[in-house]
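Report on one structure; see the data block that follows.
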There are 2 protein chains.
Amino acid sequence: MWQYHPPLRDIRFVTEELLNLPAQWAQIPAFAEVDADTARQVIEEAGKFASEVLGPLNAVGDVEGCTLKDGIVTTPKGFREAYQAFVQAGWPALACEPEVGGQGLPQSLNAVLHEMLNSANHAWNMYPGLLHGAYESLLAHATPELKARYLPKVVSGEWLSTMCLTEAHAGSDLGLLKTRAEPQPDGSYRVSGTKIFISGGEHDLTDNIVHMVLARIAGAPAGTKGLSLFLVPKVMPDGSRNTLRCDGLEKKMGIKGSATCVMSFEGATGWLVGDVNRGLAGMFVMMNAARLHVGLQGVGHAESAYQNALAYALERVQMRAPLRSPERKVAEADPIALHPAVRHNLLRQRALLEGGRLLAYETAHLLDIAERHPDEAVRHVAHDEVSLLTPICKAFLTDNGFAAAQAAQQVYGGHGYIHDYGVEQCVRDSRISRIYEGTNEIQAIDLLVRKVVADGGVKLAGLIERLQRELPTGELAARVQPWLANWQQATQQLLKHSASDAELPYRVADDYLRLAGLVLLAQGWARAEAVAASHATPFHTAKRETAQYYLDYLLPEAGLCLARIRAGQNPLPQLSAPSA
Amino acid sequence: MWQYHPPLRDIRFVTEELLNLPAQWAQIPAFAEVDADTARQVIEEAGKFASEVLGPLNAVGDVEGCTLKDGIVTTPKGFREAYQAFVQAGWPALACEPEVGGQGLPQSLNAVLHEMLNSANHAWNMYPGLLHGAYESLLAHATPELKARYLPKVVSGEWLSTMCLTEAHAGSDLGLLKTRAEPQPDGSYRVSGTKIFISGGEHDLTDNIVHMVLARIAGAPAGTKGLSLFLVPKVMPDGSRNTLRCDGLEKKMGIKGSATCVMSFEGATGWLVGDVNRGLAGMFVMMNAARLHVGLQGVGHAESAYQNALAYALERVQMRAPLRSPERKVAEADPIALHPAVRHNLLRQRALLEGGRLLAYETAHLLDIAERHPDEAVRHVAHDEVSLLTPICKAFLTDNGFAAAQAAQQVYGGHGYIHDYGVEQCVRDSRISRIYEGTNEIQAIDLLVRKVVADGGVKLAGLIERLQRELPTGELAARVQPWLANWQQATQQLLKHSASDAELPYRVADDYLRLAGLVLLAQGWARAEAVAASHATPFHTAKRETAQYYLDYLLPEAGLCLARIRAGQNPLPQLSAPSA
């Protein structure tokens with residue numbers, strides 16, 4: 001019953017009407033040949049793959065899950081064939097450089113692709129989801145020999161990749177990692193330790209798996225400054241098995257088709273990626289790519305939740321609506337889509353979903369500019385904006401994705417709790433995105449402490465200035481304008497008081513990030529409304545209605561965030577064990 | 001790893017220090033003999049049963065679930081034995097009248113009992129959860145013969161009971177029910193139809209099951225005014241099986257140990273309860289009891305989520321906190337309970353949990369007054385307040401229960417997504433309470449449309465006046481005072497505009513209910529703070545801190561509700577199928 005239809009018209013509204021990407025690409029030599037037609041074709045084909053190949057495997061994956069036997073992991077029926085088709089069609093190479101076998105298309109198109117893959121089948125997309133990050137990390141930091149040996153296979157998707165960070169006692173805190181790497185005379189290292197929560201640590205989709213492992217070389221400093229990054233393959237170049245294995249699969253709340261592995265490295269051979277003790281730098285390349293990707297999971301879940309809940313609400317008949325159209329005057333009951341509570345539910349989902357899609361695609365486009373624009377100054381500004389927007393995309397969009405899933409579940413009533421309808425799987429699957437790749441709380445600290453406070457608010461002021469500049473005229477924009485000022489003002493206050501109160505930014509970080517997300521979407525909706533205003537189609541009228549809805553019902557939450565940020569200037573109680 | 005410790009000290013704070021229940025009972029002849037010691041003993045015993053007998057079965061029930069074979073439902077291992085011990089100890093009869101075999105204790109004590117049972121094992125407590133409602137419905141509406149035959153066994157718990165309302169096409173809309181009842185010459189009826197989502201429709205805990213079934217007698221008017229209520233036993237008085245059976249078990253997101261049945265009635269013998277076509281009246285007795293009970297599920301989940309997350313946060317060491325106590329200056333990392341984001345998470349949970357407990361117990365106590373107070377005028381006022389507070393308890397407390405569960409999950413980080421830690425089960429289990437017994441959106445309509453608007457706000461004005469009257473003096477109370485006025489003012493505005501805009505109360509109902517809940521808890525915290533202020537223990541200091549936290553961080557959400565209620569005066573867009 002749960003279905004996924006690629007929202008092609010909505011995607012075009014963002015890529016073409018709002019962001020005008022084809023014209024933007026024309027200004028970047030690397031994308032000069034990507035025209036609107038090519039982009040449309042890519043997006044349509046991606047939509048077909050997502051809805052026709054992956055969608056049907058979504059429920060199957062949840063029921064079957066993965067199995068581990070004698071160190072071999074079997075993925076759900078159909079997952080392997082779908083992955084082969086994915087590689088065959090060249091999707092892994094989409095946004096990789098042509099010099100290493102990629103297709104050289106923009107990251108913004110890759111973002112569209114992955115939104116749809118995540119909508120259709122989050123669990124399946126966990127396998128190729130880290131591919132682009134591994135590609136970027138190797139491209140930036142690996143030696144020419146390692147690149148020659150591994151990059152082409154990673155780009156083609158023939159081999160998949162993992163990020164091996166977490167250990168049982170070290171999740172958010174990478175400084176506590178204990179996995180050891182011992183230098184060998186031939187320049188390789190022997191890596192030993194146990195990593196947990198490794199997505200795709202073992203599976204049957206590819207013949208080899210390229211593990212990117214954080215470990216500590218003997219004598220390295222304590223904390224994160226003693227971590228180095230290693231490429232540790234499952235299968236050695238000579239075809240023998242490396243000394244690593246999957247020791248267990250986690251039983252999880254959702255994304256059950258994704259193998260979440262306990263990985264044991266027992267003197268496994270690996271090669272250094274980047275400099276000694278500078279492993280985090282290489283891993284952060286991968287993590288930043290992964291964080292935007294996780295934000296797209298939020299958008300993907302929000303889309304599938306919304307479209308399924310809407311379809312259900314248009315069909316399910318229950319009670320008379322308080323306002324009835326004349327032609328329904330005699331009907332015993334109305335579709336629940338006519339009931340105000342359900343309309344609120346769906347309008348709220350729609351406003352956050354479509355606003356979130358704009359934010360995610362725009363961030364991906366800024367990433368393209370940061371990497372490919374010919375003007376260094378332009379690249380620099382874009383890079384700064386991406387560094388601010390990445391934690392917002394990760395946290396805000398996944399909070400909204402989970403909220404959408406459980407709002408959709410509410411639309412289904414009792415049926416929403418029953419497995420067969422699919423929406424409860426969406427709730428379970430979407431929940432993980434708020435946790436992994438750095439919890440959303442860590443993202444908030446990244447934004448406020450490491451990005452905003454660290455440079456005295458310089459980068460942030462630049463971003464807000466650009467948002468001001470791009471604000472259209474009109475009534476909605478006039479309502480958004482003060483919120484950009486509020487955001488800037490709150491930032492100034494925090495910068496001022498943080499000097500004498502080091503804990504302050506940590507106390508208000510979550511509300512600060514949510515404020516930022518809410519205001520960013522408001523600015524996006526003001527732009528969307530201005531664009532839609534010049535067309536008289538029902539499609540564009542709905543966009544204007546949604547913009548209005550966002551400003552009336554969603555943006556006021558920014559006031560709540562501000563109130564909490566103000567309250568945050570006072571000390572926060574400490575917790576202790578409960579009284580008997 | 002998931003554990004439940006009865007929060008006896010916190011419960012006593014509400015029952016004794018805040019509500020002063022023993023003194024209150026002294027004024028009600030029916031409870032004149034219930035003193036503080038008796039109440040404490042009952043609560044401690046209930047806590048033991050919940051934590052020692054039910055707690056250990058919680059995870060088992062989730063993994064095993066129920067099975068259906070040849071019409072026989074087998075509950076998870078240990079459920080049957082636990083239920084026998086429950087009956088043996090006399091728990092079912094706790095708040096039933098002595099004349100029919102009950103213990104005659106107050107409903108407020110029953111509320112404490114069921115909060116704890118729900119904390120320890122929501123799925124198991126689905127079986128006896130409807131018992132008290134069935135008892136009340138039979139007591140109020142059944143004929144003397146039916147009472148004599150069924151009431152003693154229901155009171156003792158020897159037989160369990162169900163509410164058979166929902167049909168596949170009729171969930172929220174009971175008017176669409178199709179199940180038929182055909183009168184027989186002997187005064188009985190033959191009931192035919194299929195009911196879905198019947199909790200405990202079939203199981204192996206008791207030898208007989210008393211189904212309370214809504215059905216339509218031939219010739220009855222359409223809609224809810226043609227529904228009658230029937231008692232339809234699984235086993236007939238002569239020991240033969242009635243013609244009804246369980247045709248299927250739902251595969252659900254959570255509460256897997258609870259058998260959710262498809263029930264087929266094929267000319268099953270039943271007897272009328274209450275008058276012909278007045279079935280809803282009898283069912284509403286049961287539903288109101290059930291709604292308060294579901295609110296207690298919200299409190300129960302919030303409690304187990306909070307106490308487990310707190311214990312985890314005090315133990316899990318990860319990263320240095322921005323403010324470190326001198327004795328931790330050299331430690332590599334701190335318990336995450338010291339990190340501001342985690343403190344916010346837990347303080348928020350605590351403020352909503354403890355405020356919610358007060359609201360739930362107080363509502364149960366008002367129910368006692370409504371039913372047992374010697375003064376009719378006092379009974380009447382209490383009855384009116386209960387009618388307003390019941391939908392608020394159901395919706396607000398279960399929204400908060402689910403929010404607490406998933407907030408607790410966030411505290412666990414990646415481990416929160418892993419089955420073994422138990423918190424993901426709490427998220428799945430707690431989700432249903434927002435849906436069943438009338439979705440929370442239905443509760444909001446019940447509150448605003450059927451209760452507040454229907455009588456021109458008279459009952460509500462009475463409630464707010466009492467809340468004003470009971471507000472202590474002091475700084476916190478002074479901050480709560482304007483919110484009582486805001487609530488009253490918003491109500492007046494809605495009453496005024498609803499006259500010319502019939503859809504208005506439906507558009508704002510959800511925000512109105514949340515506003516009510518938030519202000520009620522604020523008033524409760526002001527009282528709690530005043531009581532705690534006269535004691536200098538760490539326990540009471542924590543209460544004062546939590547009160548302050550509630551006013552600083554939670555109450556501001558009431559402003560958001562008000563903003564949305566104001567926005568709701570404008571029309572709300574209609575939804576249509578998406579554009580291709």
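Chains: A, B, ... in order of the structure tokens. Residues: from 1 per chain. Ligands: from 1, in order shown.
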Please return, as a PDB file with N, CA and C atoms, in the first residue's frame, all residues of region 37-214 of chain B that DSSP assigns to strand (DSSP E or B) on the basis of the backbone.
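Final output, saved to out-v4.pdb:
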ATOM      1  N   THR B  67       0.389 -15.205  19.405  1.00  0.00           N
ATOM      2  CA  THR B  67       0.179 -16.061  18.239  1.00  0.00           C
ATOM      3  C   THR B  67      -1.266 -16.551  18.213  1.00  0.00           C
ATOM      4  N   LEU B  68      -1.768 -16.732  17.003  1.00  0.00           N
ATOM      5  CA  LEU B  68      -3.141 -17.217  16.786  1.00  0.00           C
ATOM      6  C   LEU B  68      -3.076 -18.541  16.049  1.00  0.00           C
ATOM      7  N   LYS B  69      -3.690 -19.565  16.637  1.00  0.00           N
ATOM      8  CA  LYS B  69      -3.744 -20.848  15.950  1.00  0.00           C
ATOM      9  C   LYS B  69      -5.093 -21.483  16.238  1.00  0.00           C
ATOM     10  N   ILE B  72      -7.293 -19.870  18.705  1.00  0.00           N
ATOM     11  CA  ILE B  72      -6.791 -19.708  20.075  1.00  0.00           C
ATOM     12  C   ILE B  72      -5.593 -18.761  20.067  1.00  0.00           C
ATOM     13  N   VAL B  73      -5.635 -17.769  20.936  1.00  0.00           N
ATOM     14  CA  VAL B  73      -4.542 -16.808  21.022  1.00  0.00           C
ATOM     15  C   VAL B  73      -3.673 -17.135  22.227  1.00  0.00           C
ATOM     16  N   THR B  74      -2.379 -17.258  21.989  1.00  0.00           N
ATOM     17  CA  THR B  74      -1.438 -17.483  23.076  1.00  0.00           C
ATOM     18  C   THR B  74      -0.665 -16.202  23.333  1.00  0.00           C
ATOM     19  N   LEU B 160     -12.104 -11.135  31.813  1.00  0.00           N
ATOM     20  CA  LEU B 160     -11.686  -9.841  31.261  1.00  0.00           C
ATOM     21  C   LEU B 160     -12.709  -9.341  30.250  1.00  0.00           C
ATOM     22  N   SER B 161     -12.503  -8.118  29.814  1.00  0.00           N
ATOM     23  CA  SER B 161     -13.524  -7.447  29.035  1.00  0.00           C
ATOM     24  C   SER B 161     -12.916  -6.745  27.818  1.00  0.00           C
ATOM     25  N   THR B 162     -13.727  -6.485  26.807  1.00  0.00           N
ATOM     26  CA  THR B 162     -13.271  -5.725  25.639  1.00  0.00           C
ATOM     27  C   THR B 162     -14.267  -4.610  25.323  1.00  0.00           C
ATOM     28  N   MET B 163     -13.813  -3.673  24.491  1.00  0.00           N
ATOM     29  CA  MET B 163     -14.694  -2.668  23.902  1.00  0.00           C
ATOM     30  C   MET B 163     -14.691  -2.925  22.400  1.00  0.00           C
ATOM     31  N   CYS B 164     -15.833  -3.371  21.851  1.00  0.00           N
ATOM     32  CA  CYS B 164     -15.886  -3.665  20.414  1.00  0.00           C
ATOM     33  C   CYS B 164     -16.595  -2.534  19.686  1.00  0.00           C
ATOM     34  N   GLU B 167     -14.918  -0.740  13.215  1.00  0.00           N
ATOM     35  CA  GLU B 167     -15.019  -1.644  12.067  1.00  0.00           C
ATOM     36  C   GLU B 167     -14.100  -1.069  10.996  1.00  0.00           C
ATOM     37  N   ALA B 170     -15.069   2.186   9.809  1.00  0.00           N
ATOM     38  CA  ALA B 170     -15.582   3.096  10.833  1.00  0.00           C
ATOM     39  C   ALA B 170     -14.664   3.080  12.045  1.00  0.00           C
ATOM     40  N   ARG B 180     -24.870  -5.756  13.101  1.00  0.00           N
ATOM     41  CA  ARG B 180     -26.329  -5.845  13.305  1.00  0.00           C
ATOM     42  C   ARG B 180     -26.674  -6.658  14.546  1.00  0.00           C
ATOM     43  N   ALA B 181     -27.780  -6.296  15.184  1.00  0.00           N
ATOM     44  CA  ALA B 181     -28.292  -7.084  16.305  1.00  0.00           C
ATOM     45  C   ALA B 181     -29.757  -7.398  16.040  1.00  0.00           C
ATOM     46  N   GLU B 182     -30.095  -8.680  16.168  1.00  0.00           N
ATOM     47  CA  GLU B 182     -31.459  -9.131  15.846  1.00  0.00           C
ATOM     48  C   GLU B 182     -32.129  -9.623  17.131  1.00  0.00           C
ATOM     49  N   PRO B 183     -33.257  -9.005  17.496  1.00  0.00           N
ATOM     50  CA  PRO B 183     -33.904  -9.408  18.759  1.00  0.00           C
ATOM     51  C   PRO B 183     -34.427 -10.842  18.691  1.00  0.00           C
ATOM     52  N   TYR B 189     -30.286 -11.013  21.986  1.00  0.00           N
ATOM     53  CA  TYR B 189     -30.079 -10.570  20.605  1.00  0.00           C
ATOM     54  C   TYR B 189     -29.041 -11.452  19.946  1.00  0.00           C
ATOM     55  N   ARG B 190     -29.154 -11.542  18.596  1.00  0.00           N
ATOM     56  CA  ARG B 190     -28.078 -12.229  17.874  1.00  0.00           C
ATOM     57  C   ARG B 190     -27.267 -11.163  17.143  1.00  0.00           C
ATOM     58  N   VAL B 191     -25.994 -11.087  17.465  1.00  0.00           N
ATOM     59  CA  VAL B 191     -25.126 -10.023  16.966  1.00  0.00           C
ATOM     60  C   VAL B 191     -24.238 -10.558  15.845  1.00  0.00           C
ATOM     61  N   SER B 192     -24.235  -9.823  14.711  1.00  0.00           N
ATOM     62  CA  SER B 192     -23.425 -10.252  13.565  1.00  0.00           C
ATOM     63  C   SER B 192     -22.650  -9.085  12.973  1.00  0.00           C
ATOM     64  N   GLY B 193     -21.385  -9.318  12.743  1.00  0.00           N
ATOM     65  CA  GLY B 193     -20.554  -8.286  12.132  1.00  0.00           C
ATOM     66  C   GLY B 193     -19.091  -8.542  12.448  1.00  0.00           C
ATOM     67  N   THR B 194     -18.235  -7.721  11.861  1.00  0.00           N
ATOM     68  CA  THR B 194     -16.802  -7.876  12.076  1.00  0.00           C
ATOM     69  C   THR B 194     -16.218  -6.612  12.695  1.00  0.00           C
ATOM     70  N   LYS B 195     -15.559  -6.774  13.808  1.00  0.00           N
ATOM     71  CA  LYS B 195     -14.921  -5.654  14.508  1.00  0.00           C
ATOM     72  C   LYS B 195     -13.407  -5.790  14.376  1.00  0.00           C
ATOM     73  N   ILE B 196     -12.717  -4.670  14.235  1.00  0.00           N
ATOM     74  CA  ILE B 196     -11.253  -4.736  14.156  1.00  0.00           C
ATOM     75  C   ILE B 196     -10.625  -3.946  15.296  1.00  0.00           C
ATOM     76  N   PHE B 197      -9.313  -4.154  15.448  1.00  0.00           N
ATOM     77  CA  PHE B 197      -8.527  -3.467  16.484  1.00  0.00           C
ATOM     78  C   PHE B 197      -9.089  -3.740  17.881  1.00  0.00           C
ATOM     79  N   ILE B 198      -9.527  -4.976  18.143  1.00  0.00           N
ATOM     80  CA  ILE B 198     -10.098  -5.294  19.454  1.00  0.00           C
ATOM     81  C   ILE B 198      -8.986  -5.805  20.380  1.00  0.00           C
ATOM     82  N   SER B 199      -8.603  -4.951  21.320  1.00  0.00           N
ATOM     83  CA  SER B 199      -7.552  -5.321  22.265  1.00  0.00           C
ATOM     84  C   SER B 199      -8.071  -6.406  23.200  1.00  0.00           C
ATOM     85  N   ILE B 209     -14.433 -14.155  28.257  1.00  0.00           N
ATOM     86  CA  ILE B 209     -14.193 -12.757  27.897  1.00  0.00           C
ATOM     87  C   ILE B 209     -15.546 -12.090  27.669  1.00  0.00           C
ATOM     88  N   VAL B 210     -15.732 -10.939  28.302  1.00  0.00           N
ATOM     89  CA  VAL B 210     -17.007 -10.231  28.211  1.00  0.00           C
ATOM     90  C   VAL B 210     -16.858  -9.104  27.189  1.00  0.00           C
ATOM     91  N   HIS B 211     -17.419  -9.310  26.005  1.00  0.00           N
ATOM     92  CA  HIS B 211     -17.318  -8.293  24.951  1.00  0.00           C
ATOM     93  C   HIS B 211     -18.447  -7.275  25.082  1.00  0.00           C
ATOM     94  N   MET B 212     -18.084  -6.005  25.055  1.00  0.00           N
ATOM     95  CA  MET B 212     -19.073  -4.928  25.036  1.00  0.00           C
ATOM     96  C   MET B 212     -19.119  -4.427  23.596  1.00  0.00           C
ATOM     97  N   VAL B 213     -20.233  -4.693  22.915  1.00  0.00           N
ATOM     98  CA  VAL B 213     -20.290  -4.525  21.459  1.00  0.00           C
ATOM     99  C   VAL B 213     -21.318  -3.475  21.059  1.00  0.00           C
ATOM    100  N   LEU B 214     -20.891  -2.526  20.241  1.00  0.00           N
ATOM    101  CA  LEU B 214     -21.854  -1.583  19.660  1.00  0.00           C
ATOM    102  C   LEU B 214     -22.401  -2.177  18.368  1.00  0.00           C
TER     103      LEU B 214
END
Residues within 6 Å of Gly226 (chain B), only C-alpha atoms, excluding chain neighbours under 3 positions, as a ChimeraX atom specification: /B:216,220-223,277
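As for CA of Val155 (chain A) and CA of Thr260 (chain A), they are spaced 22.8 Å apart.
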Near Lys496 (chain A), counting only C-alpha atoms, which residues have an atom at most 12 Å away, once you skip same-chain residues fewer than 5 positions from it, shown as a VMD selection string? chain A and resid 453 456 to 457 489 to 491 501 to 502 504 to 505 569
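The space between CA of Pro29 (chain B) and CA of Ala377 (chain B) spans 16.0 Å.
Picture a line from CA of Gly298 (chain A) to CA of Arg316 (chain B); it runs 27.8 Å.
Residue nearest chain B within the list A:Glu44, A:Glu545, A:Asp207, A:Glu202: A:Glu545 [criterion: smallest interatomic distance, only C-alpha atoms].
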Could the residues of region 212-280 of chain A that have an atom at most 12 Å from region 421-444 of chain B be listed as JSON lines, each with its closest atom pair and the distance in Å to one decimal, counting only C-alpha atoms and ordered by chain and ascending residue number?
{"residue": "A:Glu250", "atom": "CA", "partner": "B:Tyr421", "partner_atom": "CA", "distance": 11.3}
{"residue": "A:Lys251", "atom": "CA", "partner": "B:Tyr421", "partner_atom": "CA", "distance": 10.4}
{"residue": "A:Lys252", "atom": "CA", "partner": "B:Glu424", "partner_atom": "CA", "distance": 8.4}
{"residue": "A:Met253", "atom": "CA", "partner": "B:Glu424", "partner_atom": "CA", "distance": 6.2}
{"residue": "A:Gly254", "atom": "CA", "partner": "B:Glu424", "partner_atom": "CA", "distance": 9.6}
Give me every alpha helix (DSSP H) residue in region 81-238 of chain A, going by DSSP on the backbone, as a PyMOL selection string. chain A and resi 81-88+107-129+131-141+144-156
Near-region 140-146 of chain A list (10 Å; only C-alpha atoms; drop same-chain fewer than 4 positions) as an MDAnalysis selection string: chainID A and resid 134:136 150:151 229:231 271:275 279 281:283 285
Please, could you write that set of residues out with C-alpha atoms as a PDB file, in the first residue's frame?
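The new file result.pdb reads:
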ATOM      1  CA  ALA A 134      34.671   7.943   0.528  1.00  0.00           C
ATOM      2  CA  TYR A 135      35.367   9.148  -3.001  1.00  0.00           C
ATOM      3  CA  GLU A 136      35.923  12.717  -1.810  1.00  0.00           C
ATOM      4  CA  TYR A 150      40.903   2.121  -5.257  1.00  0.00           C
ATOM      5  CA  LEU A 151      39.365   5.263  -6.678  1.00  0.00           C
ATOM      6  CA  LEU A 229      42.887   7.487   8.863  1.00  0.00           C
ATOM      7  CA  PHE A 230      43.459   4.175   7.137  1.00  0.00           C
ATOM      8  CA  LEU A 231      42.098   2.453   4.095  1.00  0.00           C
ATOM      9  CA  TRP A 271      47.327   2.126   4.305  1.00  0.00           C
ATOM     10  CA  LEU A 272      47.482   5.621   5.655  1.00  0.00           C
ATOM     11  CA  VAL A 273      45.166   8.180   4.050  1.00  0.00           C
ATOM     12  CA  GLY A 274      46.450  11.713   4.591  1.00  0.00           C
ATOM     13  CA  ASP A 275      49.032  12.607   7.218  1.00  0.00           C
ATOM     14  CA  GLY A 279      42.945  11.423  10.335  1.00  0.00           C
ATOM     15  CA  ALA A 281      40.737  15.975   8.486  1.00  0.00           C
ATOM     16  CA  GLY A 282      40.213  13.154   6.002  1.00  0.00           C
ATOM     17  CA  MET A 283      37.285  11.766   7.923  1.00  0.00           C
ATOM     18  CA  VAL A 285      35.560  15.379   4.298  1.00  0.00           C
TER      19      VAL A 285
END
Residues at most 8 Å from Ala313 (chain B), counting only C-alpha atoms, excluding those fewer than 4 positions away in the same chain, as a list of chain:residue names? B:Ala309, B:Val317, B:Pro335, B:Ile336, B:Ala337, B:Val342, B:Val411, B:Tyr412
Would you put the residues from that selection into a file with N, CA, C and O atoms, as a compact mmCIF listing (two decimals), in the first residue's frame?
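And here's part_5.txt as it stands now:
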# COMPACT_ATOMS: atom_id res chain seq x y z
N ALA B 309 16.65 7.04 30.94
CA ALA B 309 17.55 7.98 30.25
C ALA B 309 18.46 8.66 31.26
O ALA B 309 19.66 8.87 31.01
N VAL B 317 29.96 8.01 29.78
CA VAL B 317 30.98 9.05 29.79
C VAL B 317 31.38 9.37 28.35
O VAL B 317 31.71 8.47 27.58
N PRO B 335 30.40 12.35 32.43
CA PRO B 335 29.08 11.75 32.19
C PRO B 335 28.26 12.71 31.33
O PRO B 335 28.32 13.93 31.54
N ILE B 336 27.53 12.17 30.37
CA ILE B 336 26.80 13.07 29.46
C ILE B 336 25.72 13.84 30.20
O ILE B 336 25.23 14.85 29.69
N ALA B 337 25.34 13.40 31.41
CA ALA B 337 24.36 14.16 32.19
C ALA B 337 24.88 15.56 32.52
O ALA B 337 24.10 16.43 32.91
N VAL B 342 21.94 17.50 27.08
CA VAL B 342 21.33 16.36 27.77
C VAL B 342 20.55 16.85 28.99
O VAL B 342 19.46 16.33 29.30
N VAL B 411 18.96 10.55 24.09
CA VAL B 411 20.00 10.52 25.13
C VAL B 411 20.92 9.32 24.95
O VAL B 411 22.13 9.40 25.16
N TYR B 412 20.35 8.20 24.51
CA TYR B 412 21.13 6.98 24.32
C TYR B 412 22.01 7.03 23.07
O TYR B 412 22.80 6.10 22.85
Could you list, as number ranges by chain, every residue within 12 Å of Val294 (chain B), counting only C-alpha atoms and ignoring same-chain residues fewer than 5 positions away? B: 111, 114-115, 117-119, 122, 125-126, 129-130, 133, 287-289, 299-301, 360, 390-399, 401, 430-440, 443
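Take the candidates B:Ala530, B:Leu138, B:Ile464, B:Cys261 and check each one against chain A using only C-alpha atoms; the shortest distance goes to B:Cys261.
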